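Input: a single structure, listed below in structure tokens.
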Amino acid sequence: MTKNSSNIMALTPNTSNKRETVCIFGTGDFGRALGHKMIQSGYPVVYGSRSTQISNLIPKDAEVLSHAEAAQKASVIIIAIQRQHYNFLIPLAEVLRGKVLVDISNNLKLNQYPESNAEYLAQLLPGSKVVKGFNTVSAWALQSGTLDASRQVFVCGDDVEAKQMVMNIVRALGLTPVDKGSLLAAQEIENYPLQLFPMWKFPLFLSLGLTAFFFLYCVALDIIYTYIYEKNNFSFFIAITIPNRVCPVMALTLLALVYLPGIFAAIIQLHRGTKYRRFPDWLDKWMLCRKQLGLIALAFASLHVVFTLVTPMRAFASWRTSKGIISQALNNKTEPLDNTNAWLSDSYLALGILGYFLFVLLGITSLPSVSNSVNWREFRFVQSKLGYLALILCTAHTLVYGGKWFLSPSAYKWYLPNIYMLSLVVPCAVLVVKFVLVFPCVDKPLTQIRQGWERKPKYSEQSNHIINKSAV
Amino acid sequence: MTKNSSNIMALTPNTSNKRETVCIFGTGDFGRALGHKMIQSGYPVVYGSRSTQISNLIPKDAEVLSHAEAAQKASVIIIAIQRQHYNFLIPLAEVLRGKVLVDISNNLKLNQYPESNAEYLAQLLPGSKVVKGFNTVSAWALQSGTLDASRQVFVCGDDVEAKQMVMNIVRALGLTPVDKGSLLAAQEIENYPLQLFPMWKFPLFLSLGLTAFFFLYCVALDIIYTYIYEKNNFSFFIAITIPNRVCPVMALTLLALVYLPGIFAAIIQLHRGTKYRRFPDWLDKWMLCRKQLGLIALAFASLHVVFTLVTPMRAFASWRTSKGIISQALNNKTEPLDNTNAWLSDSYLALGILGYFLFVLLGITSLPSVSNSVNWREFRFVQSKLGYLALILCTAHTLVYGGKWFLSPSAYKWYLPNIYMLSLVVPCAVLVVKFVLVFPCVDKPLTQIRQGWERKPKYSEQSNHIINKSAV
Amino acid sequence: MTKNSSNIMALTPNTSNKRETVCIFGTGDFGRALGHKMIQSGYPVVYGSRSTQISNLIPKDAEVLSHAEAAQKASVIIIAIQRQHYNFLIPLAEVLRGKVLVDISNNLKLNQYPESNAEYLAQLLPGSKVVKGFNTVSAWALQSGTLDASRQVFVCGDDVEAKQMVMNIVRALGLTPVDKGSLLAAQEIENYPLQLFPMWKFPLFLSLGLTAFFFLYCVALDIIYTYIYEKNNFSFFIAITIPNRVCPVMALTLLALVYLPGIFAAIIQLHRGTKYRRFPDWLDKWMLCRKQLGLIALAFASLHVVFTLVTPMRAFASWRTSKGIISQALNNKTEPLDNTNAWLSDSYLALGILGYFLFVLLGITSLPSVSNSVNWREFRFVQSKLGYLALILCTAHTLVYGGKWFLSPSAYKWYLPNIYMLSLVVPCAVLVVKFVLVFPCVDKPLTQIRQGWERKPKYSEQSNHIINKSAV
């Protein structure tokens with residue numbers, strides 16, 4: 001839905017240009033792409049290269065010189081060379097003294113070398129000012145102008161002025177520099193483009209594990225048990241019936257797990273009587289991946305909705321329907337409408353729909369562009385108040401749906417509870433404890449603690465700011 | 001779906017740092033979090049505090065001094081203290097003369113004090129340059145680096161240079177400063193984090209009121225009337241049947257209300273013969289909340305879709321189906337396919353699906369990140385052209401669905417029209433007037449007026465710009 | 001879902017303002033709106049106008065002078081006048097010498113004049129420094145503060161310092177300047193607000209053409225053929241049945257067309273033995289509109305889902321169901337559950353649901369705000385790995401659904417294949433070639449080529465950067 005309007009390649013040949021010359025060492029993909037973009041933004045560019053002949057791919061307004069000559073022409077030098085070739089820079093140390101060297105290299109693996117490439121470069125050339133940057137941008141994106149993935153350029157370096165010069169270049173290219181501090185951050189910046197959803201790992205593995213468990217549980221109770229004791233082959237339940245049992249269970253459990261750490265945090269703060277002590281590590285990590293847990297829960301809920309809606313299209317469903325109707329017809333009678341049943345079926349459907357509706361609202365609010373346009377109070381209102389309402393509605397949906405089976409002995413095959421009973425454990429626990437926590441006699445001290453009050457004051461300065469713990 | 005890659009806490013100990021020292025008064029949550037972030041971005045930080053001992057929570061690279069000593073070390077002083085304690089700053093007036101004081105305080109209620117905290121601070125210390133800022137960012141977000149809610153920092157102040165210094169700090173922390181003008185804007189900035197969806201209030205209350213009215217209307221006609229005159233207890237209609245009657249009515253009415261103010265605006269401009277007079281206030285306000293009205297309409301439409309799709313899963317629906325089939329079976333005959341009926345049922349479903357599809361497209365286009373990447377012409381095209389098309393399709397959907405009942409006397413219980421007739425009033429009115437407005441004899445003068453032409457010229461300079469009234 | 005918090009009109013009357021005066025020529029809509037916004041951001045504003053009396057619409061803190069007097073007061077002059085009136089500036093050439101002139105004009109049509117307005121202005125006044133800018137912002141957006149459409153301001157100009165001055169003003173108004181290079185880019189910038197989804201044109205026309213073809217194909221085979229040979233009037237199939245046949249075919253074909261250019265690119269690179277030669281033009285263009293093709297495919301898939309889900313609500317479907325049940329009832333027997341059928345129906349539904357789920361995930365990831373918050377590796381993982389998985393699942397869905405008809409002669413009416421067989425051609429071709437390409441003996445040389453290796457080296461510098469070809 002975007003448009004890449006930056007395809008313009010309006011190079012600026014002989015204009016009254018006052019931008020400082022930039023030197024690029026290396027004429028590989030990225031060196032060329034960067035040079036092209038810089039010329040376009042008004043920077044004179046000079047390439048440092050071993051051979052000065054190649055270059056029908058090099059932007060035609062750039063000069064190509066030997067490394068030493070090129071370096072002398074500029075105060076900022078982009079090192080577009082792989083780490084293994086860095087030591088050829090050592091003889092140039094004198095020419096590079098005092099210059100700003102921009103390390104744009106990436107590695108092939110996370111933590112491939114003991115120190116980051118930028119720190120290694122800084123060790124090799126202690127007289128130069130090394131700045132890390134541009135490694136998160138791809139050559140292809142620079143050239144085509146379609147910066148679909150991030151426009152952010154992470155920059156770090158020990159010299160503030162050097163960093164500022166690089167950040168100005170970044171801005172001139174239409175990108176957004178983000179200062180990450182000293183060169184110690186280079187390792188992190190170099191790892192960044194190699195990461196694959198690090199925040200999603202734990203939530204995804206947790207979901208996969210739980211899904212596998214619930215799936216096998218269902219296969220045992222619904223297919224194997226039925227086959228052994230009732231001689232019915234319902235193996236095709238694997239395709240839709242069982243997924244549609246596992247999905248709602250996962251959605252409800254994960255949604256409850258989003259709100260569980262907030263409950264733990266409140267209990268810990270109440271117990272300690274202060275908020276000025278760090279939470280245990282596992283709780284901190286858990287709180288940081290609540291958003292991911294919630295979105296996975298939403299995915300399961302959406303699957304549950306679609307699996308449910310296709311029910312009438314299933315061969316099994318139409319077979320069951322006609323069996324029921326034909327047996328009535330053959331008995332020559334029409335069953336009257338069971339009002340209780342109509343109430344039950346309509347209410348669990350309505351509760352489910354409303355719960356899912358709020359759930360989707362939560363999902364939309366967690367889109368970066370939407371959450372960026374609301375303030376903290378609004379974000380907390382949606383994520384906490386509406387989130388709890390969604391949890392209540394979904395739990396009620398499950399209770400109304402399965403309520404009648406709690407007391408039926410046929411629900412306990414092999415003395416195991418039905419799967420939807422398992423799904424109610426965490427959400428009910430969360431809701432009960434939350435219900436206790438909103439009682440004034442518990443809520444009041446908790447609010448005081450969160451505003452900086454301490455039972456046994458140890459840290460005495462007054463707290464000056466309303467604390468914003470999101471969705472606690 | 002984001003990743004918080006800014007968890008890096010790469011503090012810069014002994015680097016050749018040239019950033020100016022920043023002083024922070026107050027060691028509460030926010031003072032500490034801000035100091036931490038600043039040190040990370042290369043600023044030397046010195047805390048001013050009553051006691052210089054506390055501090056195992058204070059970032060370890062920061063100095064802690066008395067207020068006066070700390071203030072002397074920096075030209076920018078962050079006042080991280082609550083408003084009630086501001087008067088302790090009066091004795092320090094001499095030290096603070098000419099310094100930039102950044103007021104970051106928030107209140108607990110909207111308009112808690114007659115003047116904003118920043119203006120109050122400026123009155124107390126007339127010799128200092130007060131800048132308001134940072135109050136929209138939370139301590140938690142600063143520390144954890146997960147800036148899910150806004151990255152925007154609203155800044156205001158009377159001294160442009162002072163404001164510039166603060167905005168540079170904001171930028172260095174990776175946040176986006178937004179200049180809001182003079183210190184008069186401080187009240188607004190202080191109210192901002194306390195707001196709870198101010199633009200949504202009117203649309204939400206309007207929807208709630210209308211929903212309640214339509215709901216009771218349906219309860220009266222569908223449940224009470226049926227119970228009295230036909231002795232049927234259909235109380236379970238409350239769960240799904242009636243919501244699924246109210247939702248489409250609300251969706252259609254609200255969608256029409258999105259386009260009604262544009263119609264009014266056109267009539268007013270045609271009547272006045274100029275666009276250079278302000279619209280009445282109520283119309284201005286209405287026009288500003290069209291987006292919200294449209295999104296609420298979309299929410300109702302989505303609920304209508306899901307409520308409709310679960311129909312076959314309802315006990316009532318399967319009871320009615322089997323009743324129909326069994327009565328046919330007992331009469332030993334199969335009814336032939338009614339071709340007219342098949343056409344009607346298929347066309348209102350298809351119209352509804354296409355209308356909803358366009359409606360969702362409108363919703364997606366109003367996501368901030370999508371609407372930011374289209375130009376005005378494209379935005380207007382989608383919101384106006386596609387919006388009207390959606391309105392036409394949805395109105396046609398309702399007309400085809402309910403058409404046969406217009407003439408049936410059973411549709412007028414208690415001499416009241418059926419609810420879907422009510423829902424057609426506003427959309428039909430909008431569509432009819434819009435149809436008149438696109439006639440060349442009306443459209444031509446209107447376009448001229450919108451390009452700056454006046455029937456009785458009073459404001460004589462030529463208009464130089466194509467007028468962009470969105471979705472009028 | 002946003003809030004326009006920038007409605008504050010906190011004008012700065014007598015503050016210690018150090019911003020430089022800005023002059024605006026022309027008091028039309030845009031001149032007034034811009035002046036208002038500038039005063040709000042602390043700029044003294046002076047208007048140049050033919051008459052100095054008008055002005056109850058002009059912001060009251062602005063001065064209104066003659067053009068020459070106004071121009072002398074400022075070094076930046078906004079030319080808020082239509083192009084046809086530019087020549088009245090010629091007599092002012094001496095006053096305007098050395099000044100920065102900001103051309104903000106727009107045209108009514110794409111490429112209305114041979115040269116851009118800004119270049120024309122620069123020719124008229126060669127002594128002034130012309131900068132193009134602000135033309136993408138609307139007066140209405142500036143005044144109301146609801147910058148729903150883009151906050152980006154494209155700027156270009158030959159003088160870097162002049163451009164910098166304008167970009168600083170843009171930043172001060174809370175907008176984001178984007179440097180587009182020299183004044184040659186002005187044409188592109190002036191065309192930008194007149195564009196209507198240029199990147200969508202080809203994908204949309206392609207989809208319309210294919211849809212029309214498939215629709216007519218279905219009408220011929222399903223309605224006309226049935227009418228001629230079976231005397232059944234199924235004309236109502238036009239509303240739902242046929243759209244629901246065309247939509248999935250379009251979705252699958254377009255999704256395959258998203259991945260086809262990547263296949264071509266790989267084959268071309270393998271054949272050439274180098275990546276250092278440009279792809280043919282059609283392939284480049286095709287690759288740039290893959291996102292649009294994918295989103296249109298998603299739209300068709302969504303329509304297919306909804307069309308399928310409303311099936312049980314159709315008069316035709318309930319007629320067919322009751323016919324089946326009644327014929328069973330009249331024969332006094334119940335058909336047993338056909339296990340194979342249950343398996344088939346459940347698996348194609350499940351495959352379709354999972355494929356659609358991944359498809360929606362792809363769609364969400366291509367929202368600008370989401371794709372901006374992932375790195376290249378993550379973006380490629382989702383768009384390539386998950387995308388292929390979606391394609392495999394959707395192809396399998398179609399195969400399982402239609403498999404049984406491949407061998408049935410009744411599927412070949414008029415010797416033409418059924419439409420879903422046509423839909424399988426492109427996806428199967430893509431999947432088969434892709435399957436070959438992932439074999440190590442093919443994948444290894446391809447990976448080497450993409451890392452810069454060449455079969456017959458012609459361009460000798462080492463490549464320094466991991467190549468990021470998105471989703472190839």
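Every chain in the structure tokens takes a letter, A first, then B, and so on in the order presented; its residues are numbered from 1, and the ligands are numbered from 1 following the presented order.
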Range 81-90 of chain B: which residues within 10 Å, counting only C-alpha atoms, same-chain residues fewer than 3 positions away excluded, as a compact mmCIF listing (two decimals) with C-alpha atoms, in the first residue's frame?
# COMPACT_ATOMS: atom_id res chain seq x y z
CA GLU A 461 13.54 10.85 47.96
CA GLN A 462 9.98 11.59 46.97
CA SER A 463 8.75 10.08 43.78
CA ASN A 464 7.73 12.71 41.35
CA HIS A 465 5.98 10.96 38.62
CA ILE A 466 2.90 8.89 38.20
CA ILE B 24 18.65 16.50 37.06
CA PHE B 25 16.87 17.74 40.20
CA GLY B 26 15.13 14.85 41.93
CA THR B 27 16.02 11.18 42.08
CA GLY B 28 12.55 9.70 41.74
CA PHE B 30 11.54 9.44 36.23
CA GLY B 31 14.66 11.34 37.19
CA HIS B 67 21.05 21.15 44.33
CA ALA B 68 23.14 24.33 44.11
CA ILE B 78 15.65 18.80 34.39
CA ALA B 93 16.88 31.54 41.89
CA GLU B 94 20.30 33.15 41.58
CA VAL B 95 22.04 29.91 40.62
CA LEU B 96 19.31 29.10 38.15
CA ASP B 103 9.54 21.02 33.50
CA ILE B 104 8.63 17.35 33.08
CA SER B 105 5.86 17.17 35.67
CA ASN B 106 2.40 15.69 35.24
CA ASN B 107 -0.75 16.19 37.25
CA SER B 116 0.10 24.86 34.00
CA ASN B 117 3.01 23.58 36.10
CA ALA B 118 5.49 24.99 33.61
CA TYR B 120 3.90 28.31 37.51
CA LEU B 121 7.61 27.43 37.46
CA LEU B 124 8.52 31.44 40.43
CA LEU B 125 11.83 31.79 38.59
**Residues near range 183-186 of chain C, cut-off 7 Å, only C-alpha atoms, skip fewer than 3 positions along chain, as an MDAnalysis selection string** = (chainID A and resid 8 10) or (chainID C and resid 116 118:119 132 156:158 180 189:190)
**Message:** Distance cut-off 6 Å, counting only C-alpha atoms - which residues of chain A neighbour chain B? Return them as a list in words.
**Reply:** Thr2, Asp158, Asp159, Val160, Val178, Gly181, Ser182, Leu184, Ala185, Ile325, Ala329, Ala342, Trp343, Ser345, Asp346, Ser347, Ala350, Ser369, Ser371, Asn372, Ser373, Asn375, Glu378, Ser463, Asn464 and Asn468 of chain A
As a short mmCIF file (atom, residue, chain, number, x, y, z; two decimals) with N, CA and C atoms, in the first residue's frame, which residues of range 56-132 of chain A does DSSP assign to strand (DSSP E or B)?
data_model
loop_
_atom_site.label_atom_id
_atom_site.label_comp_id
_atom_site.auth_asym_id
_atom_site.auth_seq_id
_atom_site.Cartn_x
_atom_site.Cartn_y
_atom_site.Cartn_z
N GLU A 63 34.57 9.69 -8.33
CA GLU A 63 35.96 9.51 -8.72
C GLU A 63 36.45 8.17 -8.18
N VAL A 64 37.36 7.51 -8.86
CA VAL A 64 37.98 6.30 -8.31
C VAL A 64 39.48 6.52 -8.23
N LEU A 65 40.03 6.43 -7.01
CA LEU A 65 41.46 6.67 -6.79
C LEU A 65 42.05 5.50 -6.01
N VAL A 76 35.44 11.81 6.21
CA VAL A 76 34.65 10.63 6.57
C VAL A 76 34.94 9.53 5.55
N ILE A 77 35.34 8.37 6.03
CA ILE A 77 35.66 7.26 5.13
C ILE A 77 34.80 6.06 5.48
N ILE A 78 34.01 5.61 4.51
CA ILE A 78 33.16 4.44 4.70
C ILE A 78 33.99 3.21 4.39
N ILE A 79 34.10 2.28 5.34
CA ILE A 79 34.91 1.08 5.13
C ILE A 79 33.99 -0.03 4.64
N VAL A 100 37.29 10.02 10.36
CA VAL A 100 36.15 9.24 10.84
C VAL A 100 36.00 8.02 9.95
N LEU A 101 36.14 6.82 10.52
CA LEU A 101 35.97 5.59 9.76
C LEU A 101 34.61 4.99 10.09
N VAL A 102 33.80 4.77 9.08
CA VAL A 102 32.48 4.19 9.31
C VAL A 102 32.52 2.71 8.98
N ASP A 103 32.35 1.87 10.00
CA ASP A 103 32.36 0.43 9.81
C ASP A 103 30.92 0.00 9.50
N LYS A 129 38.83 7.65 14.33
CA LYS A 129 37.59 7.63 15.12
C LYS A 129 36.61 6.70 14.43
N VAL A 130 36.36 5.54 15.03
CA VAL A 130 35.51 4.55 14.39
C VAL A 130 34.06 4.74 14.81
N VAL A 131 33.17 4.74 13.83
CA VAL A 131 31.73 4.81 14.07
C VAL A 131 31.09 3.61 13.38
N LYS A 132 30.22 2.92 14.09
CA LYS A 132 29.49 1.80 13.49
C LYS A 132 28.19 2.33 12.91
#
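Counting from CA of Leu295 in chain B, the distance to CA of Ile353 in chain B is 17.5 Å.
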**Message:** Between CA of Pro440 in chain B and CA of Leu252 in chain B, what is the distance in Å, rounded to a tenth?
**Reply:**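 Calculated distance between CA of Pro440 in chain B and CA of Leu252 in chain B is 28.0 Å.
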**Request:** Using DSSP on the backbone coordinates, identify all residues within range 29-73 of chain C classified as alpha helix (DSSP H); present the result as a ChimeraX atom specification.
**Result:** /C:29-40,67-72
